[in-house]
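As provided, coords-v4.cif (mmCIF, C-alpha atoms and all ligand atoms) reads as follows.
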```cif
data_data
#
loop_
_atom_site.label_atom_id
_atom_site.label_comp_id
_atom_site.auth_asym_id
_atom_site.auth_seq_id
_atom_site.Cartn_x
_atom_site.Cartn_y
_atom_site.Cartn_z
CA MET A 1 93.53 115.23 82.19
CA GLU A 2 94.48 113.25 85.27
CA ASN A 3 97.80 114.17 86.81
CA ASP A 4 100.52 111.64 86.22
CA PHE A 5 102.17 111.04 89.57
CA SER A 6 104.01 107.87 88.54
CA TYR A 7 107.29 109.68 89.21
CA ILE A 8 106.36 109.76 92.90
CA SER A 9 105.96 105.98 93.09
CA ASP A 10 109.20 105.54 91.14
CA ASN A 11 111.01 107.85 93.56
CA LEU A 12 109.47 106.17 96.58
CA ARG A 13 110.58 102.76 95.36
CA VAL A 14 114.19 103.99 95.25
CA ILE A 15 113.92 105.63 98.67
CA ARG A 16 112.43 102.54 100.30
CA SER A 17 115.04 100.25 98.83
CA ARG A 18 117.96 102.46 99.91
CA ILE A 19 116.52 102.67 103.42
CA ALA A 20 115.99 98.91 103.56
CA GLU A 21 119.55 98.37 102.40
CA ALA A 22 120.96 100.63 105.13
CA GLN A 23 118.70 98.97 107.71
CA ASP A 24 119.89 95.51 106.70
CA LYS A 25 123.46 96.60 106.98
CA TYR A 26 123.48 98.74 110.11
CA ARG A 27 120.32 98.27 112.15
CA GLU A 28 118.69 95.58 114.20
CA SER A 29 115.58 93.98 112.80
CA GLY A 30 112.38 95.58 114.02
CA ASP A 31 114.22 98.89 114.50
CA ASP A 32 111.91 100.97 112.34
CA VAL A 33 112.49 104.04 110.19
CA ARG A 34 109.54 106.20 109.20
CA ILE A 35 109.51 108.16 105.97
CA MET A 36 108.10 111.66 106.27
CA ALA A 37 106.99 113.43 103.10
CA VAL A 38 108.07 117.08 103.34
CA THR A 39 105.40 119.06 101.55
CA LYS A 40 106.70 122.60 101.12
CA THR A 41 105.66 124.02 97.70
CA VAL A 42 104.14 120.64 96.74
CA ALA A 43 100.55 120.55 95.44
CA PRO A 44 98.09 118.78 97.78
CA GLU A 45 97.19 116.33 94.98
CA ALA A 46 100.80 115.17 94.80
CA VAL A 47 100.99 114.96 98.61
CA ASN A 48 97.84 112.84 98.66
CA HIS A 49 99.29 110.55 96.04
CA ALA A 50 102.25 109.93 98.35
CA VAL A 51 99.78 109.16 101.15
CA SER A 52 97.99 106.69 98.89
CA LEU A 53 101.33 104.90 98.45
CA GLY A 54 101.55 104.32 102.19
CA ILE A 55 103.33 107.41 103.47
CA GLY A 56 101.49 108.14 106.67
CA LEU A 57 103.47 111.14 107.83
CA LEU A 58 103.67 114.68 106.44
CA GLY A 59 106.12 117.42 107.44
CA GLU A 60 105.14 121.09 107.33
CA ASN A 61 107.56 124.02 107.42
CA ARG A 62 105.32 127.02 107.21
CA VAL A 63 102.16 127.59 109.17
CA GLN A 64 100.61 129.80 106.48
CA GLU A 65 101.24 127.34 103.68
CA TYR A 66 99.95 124.47 105.81
CA LEU A 67 96.71 126.32 106.59
CA SER A 68 96.13 126.97 102.90
CA LYS A 69 96.53 123.29 102.03
CA ALA A 70 95.33 121.38 105.09
CA GLU A 71 91.73 121.10 103.99
CA MET A 72 92.75 119.33 100.82
CA TYR A 73 95.03 116.80 102.47
CA ASP A 74 94.02 113.19 102.90
CA SER A 75 93.17 113.28 106.60
CA SER A 76 94.51 109.78 107.24
CA ALA A 77 98.07 111.15 107.32
CA GLU A 78 99.67 112.34 110.52
CA VAL A 79 101.23 115.84 110.36
CA HIS A 80 104.34 117.10 112.15
CA PHE A 81 105.66 120.65 112.20
CA ILE A 82 109.34 120.89 111.19
CA GLY A 83 109.98 124.57 110.42
CA HIS A 84 110.96 127.57 112.46
CA LEU A 85 107.98 128.33 114.68
CA GLN A 86 107.02 131.70 116.12
CA THR A 87 105.17 131.54 119.43
CA ASN A 88 102.24 133.54 118.04
CA LYS A 89 101.61 130.84 115.40
CA VAL A 90 101.47 127.86 117.76
CA LYS A 91 97.72 128.26 118.17
CA TYR A 92 97.09 127.27 114.52
CA ILE A 93 98.82 123.91 114.71
CA ILE A 94 98.09 122.64 118.22
CA GLU A 95 94.89 120.85 117.29
CA PRO A 96 95.70 119.33 113.87
CA MET A 97 99.30 118.26 114.40
CA THR A 98 100.65 115.38 116.47
CA MET A 99 104.26 116.51 116.90
CA ILE A 100 106.32 119.70 116.81
CA GLN A 101 109.88 118.72 115.85
CA SER A 102 111.49 122.15 115.88
CA VAL A 103 111.42 123.29 119.51
CA ASP A 104 114.51 125.39 120.18
CA SER A 105 113.66 127.48 123.25
CA ILE A 106 111.98 127.06 126.60
CA ARG A 107 109.70 129.97 125.72
CA LEU A 108 108.36 128.06 122.73
CA ALA A 109 108.04 124.85 124.78
CA GLU A 110 106.02 126.73 127.39
CA GLU A 111 103.68 128.26 124.82
CA ILE A 112 103.10 124.85 123.22
CA GLY A 113 102.41 123.37 126.65
CA ARG A 114 100.03 126.16 127.61
CA LEU A 115 97.93 125.79 124.45
CA ALA A 116 98.06 121.99 124.54
CA VAL A 117 96.62 121.98 128.06
CA LYS A 118 93.93 124.40 126.90
CA ASN A 119 93.10 121.97 124.08
CA GLY A 120 93.02 119.02 126.43
CA LYS A 121 95.96 117.28 124.81
CA VAL A 122 99.60 116.50 125.34
CA MET A 123 101.84 117.57 122.44
CA ASP A 124 104.81 115.45 121.47
CA ILE A 125 107.91 117.52 120.80
CA LEU A 126 111.46 117.11 119.59
CA CYS A 127 114.20 119.55 120.52
CA GLU A 128 116.11 120.89 117.53
CA VAL A 129 119.90 120.71 117.70
CA ASN A 130 122.13 122.97 115.60
CA ILE A 131 124.75 120.24 115.33
CA GLY A 132 127.00 122.15 112.92
CA GLY A 133 126.92 125.37 114.95
CA GLU A 134 125.79 127.31 111.88
CA ASP A 135 124.59 130.89 112.28
CA SER A 136 122.02 130.38 109.55
CA LYS A 137 120.25 127.52 111.33
CA SER A 138 117.89 127.40 114.26
CA GLY A 139 118.25 124.91 117.06
CA VAL A 140 120.28 124.92 120.24
CA SER A 141 123.92 123.93 120.48
CA PRO A 142 124.88 120.41 121.60
CA GLU A 143 126.21 122.01 124.81
CA GLU A 144 122.83 123.60 125.60
CA ILE A 145 120.52 120.78 124.64
CA ARG A 146 120.56 119.05 128.00
CA ASP A 147 119.49 122.24 129.80
CA LEU A 148 116.64 122.77 127.36
CA ILE A 149 115.43 119.19 127.80
CA CYS A 150 115.62 119.43 131.60
CA ALA A 151 113.69 122.71 131.61
CA ALA A 152 111.13 121.48 129.09
CA SER A 153 110.60 118.27 131.05
CA GLU A 154 108.94 120.41 133.74
CA VAL A 155 106.43 121.91 131.33
CA GLU A 156 102.90 120.56 131.50
CA GLY A 157 101.18 119.70 128.22
CA ILE A 158 104.23 118.52 126.32
CA ARG A 159 106.03 115.19 126.04
CA ILE A 160 109.65 115.20 124.90
CA ARG A 161 110.23 112.38 122.45
CA GLY A 162 113.74 113.11 121.20
CA LEU A 163 115.89 115.23 118.91
CA MET A 164 115.77 116.68 115.42
CA THR A 165 118.55 118.17 113.32
CA ILE A 166 119.53 119.55 109.93
CA PRO A 167 123.27 118.91 109.56
CA PRO A 168 125.48 121.25 107.52
CA PRO A 169 125.74 120.36 103.83
CA GLY A 170 128.61 118.08 102.80
CA ASN A 171 130.51 115.79 105.13
CA THR A 172 127.30 115.00 106.97
CA ASP A 173 128.61 111.66 108.28
CA ILE A 174 130.53 113.40 111.05
CA PHE A 175 127.51 115.38 112.19
CA LEU A 176 125.07 112.47 111.91
CA GLY A 177 127.46 110.46 114.06
CA ARG A 178 127.64 113.23 116.64
CA MET A 179 123.86 113.41 116.75
CA GLN A 180 123.60 109.68 117.34
CA GLU A 181 126.07 109.96 120.20
CA LEU A 182 124.25 112.91 121.75
CA TYR A 183 120.88 111.19 121.41
CA ASN A 184 122.12 107.94 122.95
CA LYS A 185 123.78 109.78 125.79
CA LEU A 186 120.68 111.80 126.69
CA ARG A 187 118.52 108.72 126.33
CA SER A 188 120.66 106.69 128.70
CA GLU A 189 120.54 109.48 131.29
CA ASN A 190 116.79 109.03 131.64
CA ILE A 191 116.35 112.71 132.53
CA ASN A 192 113.30 113.09 134.76
CA GLY A 193 112.03 109.79 133.48
CA ILE A 194 111.73 111.08 129.90
CA LYS A 195 111.64 108.18 127.47
CA MET A 196 113.13 109.36 124.22
CA ASP A 197 112.40 107.23 121.16
CA THR A 198 112.70 109.60 118.20
CA LEU A 199 115.74 110.83 116.28
CA SER A 200 114.63 112.88 113.27
CA MET A 201 117.43 113.36 110.77
CA GLY A 202 118.20 112.66 107.14
CA MET A 203 116.87 114.52 104.11
CA SER A 204 117.05 113.88 100.35
CA SER A 205 120.82 114.07 100.17
CA ASP A 206 121.70 112.04 103.26
CA TYR A 207 118.80 109.82 104.34
CA ALA A 208 120.66 106.54 103.79
CA GLU A 209 123.56 107.79 105.93
CA ALA A 210 121.09 108.99 108.55
CA VAL A 211 119.62 105.50 108.78
CA LYS A 212 123.13 104.20 109.35
CA TYR A 213 123.44 106.56 112.32
CA GLY A 214 120.19 105.58 113.97
CA SER A 215 117.59 107.96 112.53
CA THR A 216 113.99 106.96 113.26
CA ILE A 217 112.35 109.54 110.96
CA VAL A 218 113.83 110.64 107.64
CA ARG A 219 112.31 113.85 106.23
CA ILE A 220 112.22 113.75 102.45
CA GLY A 221 111.10 116.43 100.00
CA THR A 222 113.06 116.70 96.76
CA ALA A 223 113.94 113.02 96.38
CA LEU A 224 110.24 112.18 96.54
CA PHE A 225 108.46 115.07 94.81
CA GLY A 226 111.23 116.48 92.59
CA ALA A 227 112.87 119.91 92.73
CA ARG A 228 110.83 122.54 94.53
CA ASP A 229 109.18 125.25 92.45
CA TYR A 230 108.98 128.35 94.60
CA SER A 231 107.20 130.32 91.88
CA ARG A 232 103.99 128.33 92.29
C1 LIG B 301 112.80 121.10 103.29
C2 LIG B 301 113.10 120.32 104.49
C3 LIG B 301 113.38 118.95 104.42
C4 LIG B 301 113.44 118.18 103.13
O1 LIG B 301 114.48 118.62 102.32
P1 LIG B 301 114.88 117.84 100.99
O2 LIG B 301 116.32 118.09 100.83
O3 LIG B 301 114.06 118.43 99.88
O4 LIG B 301 114.56 116.41 101.18
C5 LIG B 301 113.62 118.27 105.62
N1 LIG B 301 113.59 118.89 106.80
C6 LIG B 301 113.33 120.21 106.91
C7 LIG B 301 113.31 120.83 108.26
C8 LIG B 301 113.09 120.96 105.77
O5 LIG B 301 112.85 122.26 105.88
#
```

In structure tokens, write the structure found in this file.
Amino acid sequence: MENDFSYISDNLRVIRSRIAEAQDKYRESGDDVRIMAVTKTVAPEAVNHAVSLGIGLLGENRVQEYLSKAEMYDSSAEVHFIGHLQTNKVKYIIEPMTMIQSVDSIRLAEEIGRLAVKNGKVMDILCEVNIGGEDSKSGVSPEEIRDLICAASEVEGIRIRGLMTIPPPGNTDIFLGRMQELYNKLRSENINGIKMDTLSMGMSSDYAEAVKYGSTIVRIGTALFGARDYSR
């Protein structure tokens, strides 16, 4: 029997309309928001269905899981890495991915740059900010982000495009607002001529709010594919 993925198109319709509503209300026209489908634990067939509905961007958290599924993915979609990344795993994602959103140390930035140069490419990166100062989350503090960006701007083989964050649960408005401020401030500084154009924030529970605060990529898993089944 064919899989019935109609729930994905139903979910996507809701997501698109909530984003459009927030854009109408808070954003200038032409100021785009991309929807990323976050694929962890999701079957490749379901992921490909989302791609067939016009989602052109996939987000991967785990290198191992990505490698086990990549062959089955519709290759028309662009893939970004969004999870915690160990330096010894960078080699597996340099070629197939177009952006690494979760850079949180100069050591990682240097390893990405080194392998990108070796592969004859320039890798787009975002620096991850731990905006809530939570011990459980990766990312650098808002106080340290400028230093990381300055240091990373010297690294060959990478191009800094902006910031990514996962705000603490609940009360996210405050943190989304702080991220917008931080992003705008760094952008206006024009550090070493870096042109930042990407603010990746907003997940299933807060994507509409994130659009209000200037997000350019919302990363959506559960609201698109349903609750994750880790037993698969
Ligand atoms: C899982 C995950 C998401 C999506 O989370 P949902 O709440 O299911 O939408 C977004 N970003 C990152 C970094 C994630 O790990």

Point-to-point distance from atom CA of Leu182 of chain A to atom CA of Arg159 of chain A, Å rounded to tenths: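 Interatomic distance, atom CA of Leu182 of chain A to atom CA of Arg159 of chain A: 18.9 Å.
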
Contact residues around segment 161-165 of chain A with all atoms listed in the file at 8 Å, ignoring same-chain residues under 3 positions, as a PyMOL selection string: chain A and resi 101-102+124-131+139+179+183+194-201

All residues 9 Å or closer to Gly83 of chain A, all atoms listed in the file, same chain fewer than 2 positions away omitted, as number ranges by chain: A: 59-63, 81, 85, 100-102

Need the axis-aligned box for segment 104-107 of chain A with 8 Å each side, so what are the centre and edges in Å to one decimal, as lines of an AutoDock Vina configuration file?
```
center_x = 112.1
center_y = 127.7
center_z = 123.4
size_x = 20.8
size_y = 20.6
size_z = 22.4
```

Place a sphere of radius 12 Å on (99.8, 119.9, 115.7) in the file coordinates and name every protein, DNA or RNA residue with an atom inside or on its surface, counting all atoms listed in the file; give the answer as a short mmCIF file (atom, residue, chain, number, x, y, z; two decimals) with C-alpha atoms, keeping the file's coordinate frame.
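For reference, out-v3.cif as written:
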```cif
data_model
loop_
_atom_site.label_atom_id
_atom_site.label_comp_id
_atom_site.auth_asym_id
_atom_site.auth_seq_id
_atom_site.Cartn_x
_atom_site.Cartn_y
_atom_site.Cartn_z
CA LEU A 58 103.67 114.68 106.44
CA GLY A 59 106.12 117.42 107.44
CA GLU A 60 105.14 121.09 107.33
CA VAL A 63 102.16 127.59 109.17
CA TYR A 66 99.95 124.47 105.81
CA LEU A 67 96.71 126.32 106.59
CA ALA A 70 95.33 121.38 105.09
CA GLU A 78 99.67 112.34 110.52
CA VAL A 79 101.23 115.84 110.36
CA HIS A 80 104.34 117.10 112.15
CA PHE A 81 105.66 120.65 112.20
CA ILE A 82 109.34 120.89 111.19
CA LEU A 85 107.98 128.33 114.68
CA LYS A 89 101.61 130.84 115.40
CA VAL A 90 101.47 127.86 117.76
CA LYS A 91 97.72 128.26 118.17
CA TYR A 92 97.09 127.27 114.52
CA ILE A 93 98.82 123.91 114.71
CA ILE A 94 98.09 122.64 118.22
CA GLU A 95 94.89 120.85 117.29
CA PRO A 96 95.70 119.33 113.87
CA MET A 97 99.30 118.26 114.40
CA THR A 98 100.65 115.38 116.47
CA MET A 99 104.26 116.51 116.90
CA ILE A 100 106.32 119.70 116.81
CA GLN A 101 109.88 118.72 115.85
CA SER A 102 111.49 122.15 115.88
CA ILE A 112 103.10 124.85 123.22
CA GLY A 113 102.41 123.37 126.65
CA LEU A 115 97.93 125.79 124.45
CA ALA A 116 98.06 121.99 124.54
CA ASN A 119 93.10 121.97 124.08
CA LYS A 121 95.96 117.28 124.81
CA VAL A 122 99.60 116.50 125.34
CA MET A 123 101.84 117.57 122.44
CA ASP A 124 104.81 115.45 121.47
CA ILE A 125 107.91 117.52 120.80
CA ILE A 158 104.23 118.52 126.32
#
```

All residues 10 Å or closer to Thr87 of chain A, all atoms listed in the file, same chain fewer than 5 positions away omitted, as a list in words: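 These residues fall inside the cut-off: Arg107, Leu108, Ala109, Glu110, Glu111 and Ile112 of chain A.
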
Using only C-alpha atoms and all ligand atoms, determine which residues fall within 6 Å of ligand LIG 301 (chain B), then list them as a PyMOL selection string. chain A and resi 38+61+82-83+203-204+219-223

Any idea what the distance is between atom CA of Gly120 of chain A and atom CA of Val140 of chain A? 28.6 Å

Taking into account all atoms listed in the file, which residue in the set A:Ile8, A:Val155, A:Ile19, A:Thr39 is nearest to Val117 of chain A? A:Val155

Non-local contacts of Lys69 of chain A (7 Å; all atoms listed in the file; under 4 positions in same chain excluded) as a list in words: Pro44, Glu65 and Tyr73 of chain A

Would you please work out which residue, of A:Asp206, A:Ile217, A:Ala43, A:Glu71, is nearest to Leu57 of chain A when using only C-alpha atoms?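 For Leu57 of chain A, the nearest of the given residues is A:Ile217.
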
Using only C-alpha atoms, which of the listed residues (A:His49, A:Arg34, A:Arg228, A:Arg187) sits closest to Arg16 of chain A? A:Arg34

Considering all atoms listed in the file, return as number ranges by chain whatever protein or nucleic-acid residues lie within 10 Å of Tyr7 of chain A, sequence-local ones (same chain, fewer than 6 positions apart) excluded. A: 13, 224-226

Using atom CA of Ser153 of chain A and atom CA of Ile191 of chain A as the two end points, give the distance in Å to one decimal.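 We find that atom CA of Ser153 of chain A and atom CA of Ile191 of chain A lie 8.1 Å from each other.
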
Taking (92.8, 110.1, 105.3) in the coordinates of the supplied file, I want to know which residues reach to within 10 Å of it, counting only C-alpha atoms; could you give the answer as a list in words? Asn48, Val51, Ser52, Gly56, Tyr73, Asp74, Ser75, Ser76, Ala77 and Glu78 of chain A

Smallest atom-to-atom distance to Thr216 of chain A: which of A:Gln64, A:Gln86, A:Ser6, A:Gln23, using all atoms listed in the file?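 For Thr216 of chain A, the nearest of the given residues is A:Gln23.
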
Which of these residues is nearest to Ile145 of chain A, using only C-alpha atoms: A:Ser105, A:Ser68, A:Ser29, A:Asn192?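 The shortest atom-to-atom distance to Ile145 of chain A comes from A:Ser105.
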
Among listed residues A:Ala210, A:Leu148, A:Ile106, A:Ile160, nearest Ile35 of chain A (using all atoms listed in the file):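 Comparing A:Ala210, A:Leu148, A:Ile106, A:Ile160 against Ile35 of chain A, the winner is A:Ala210.
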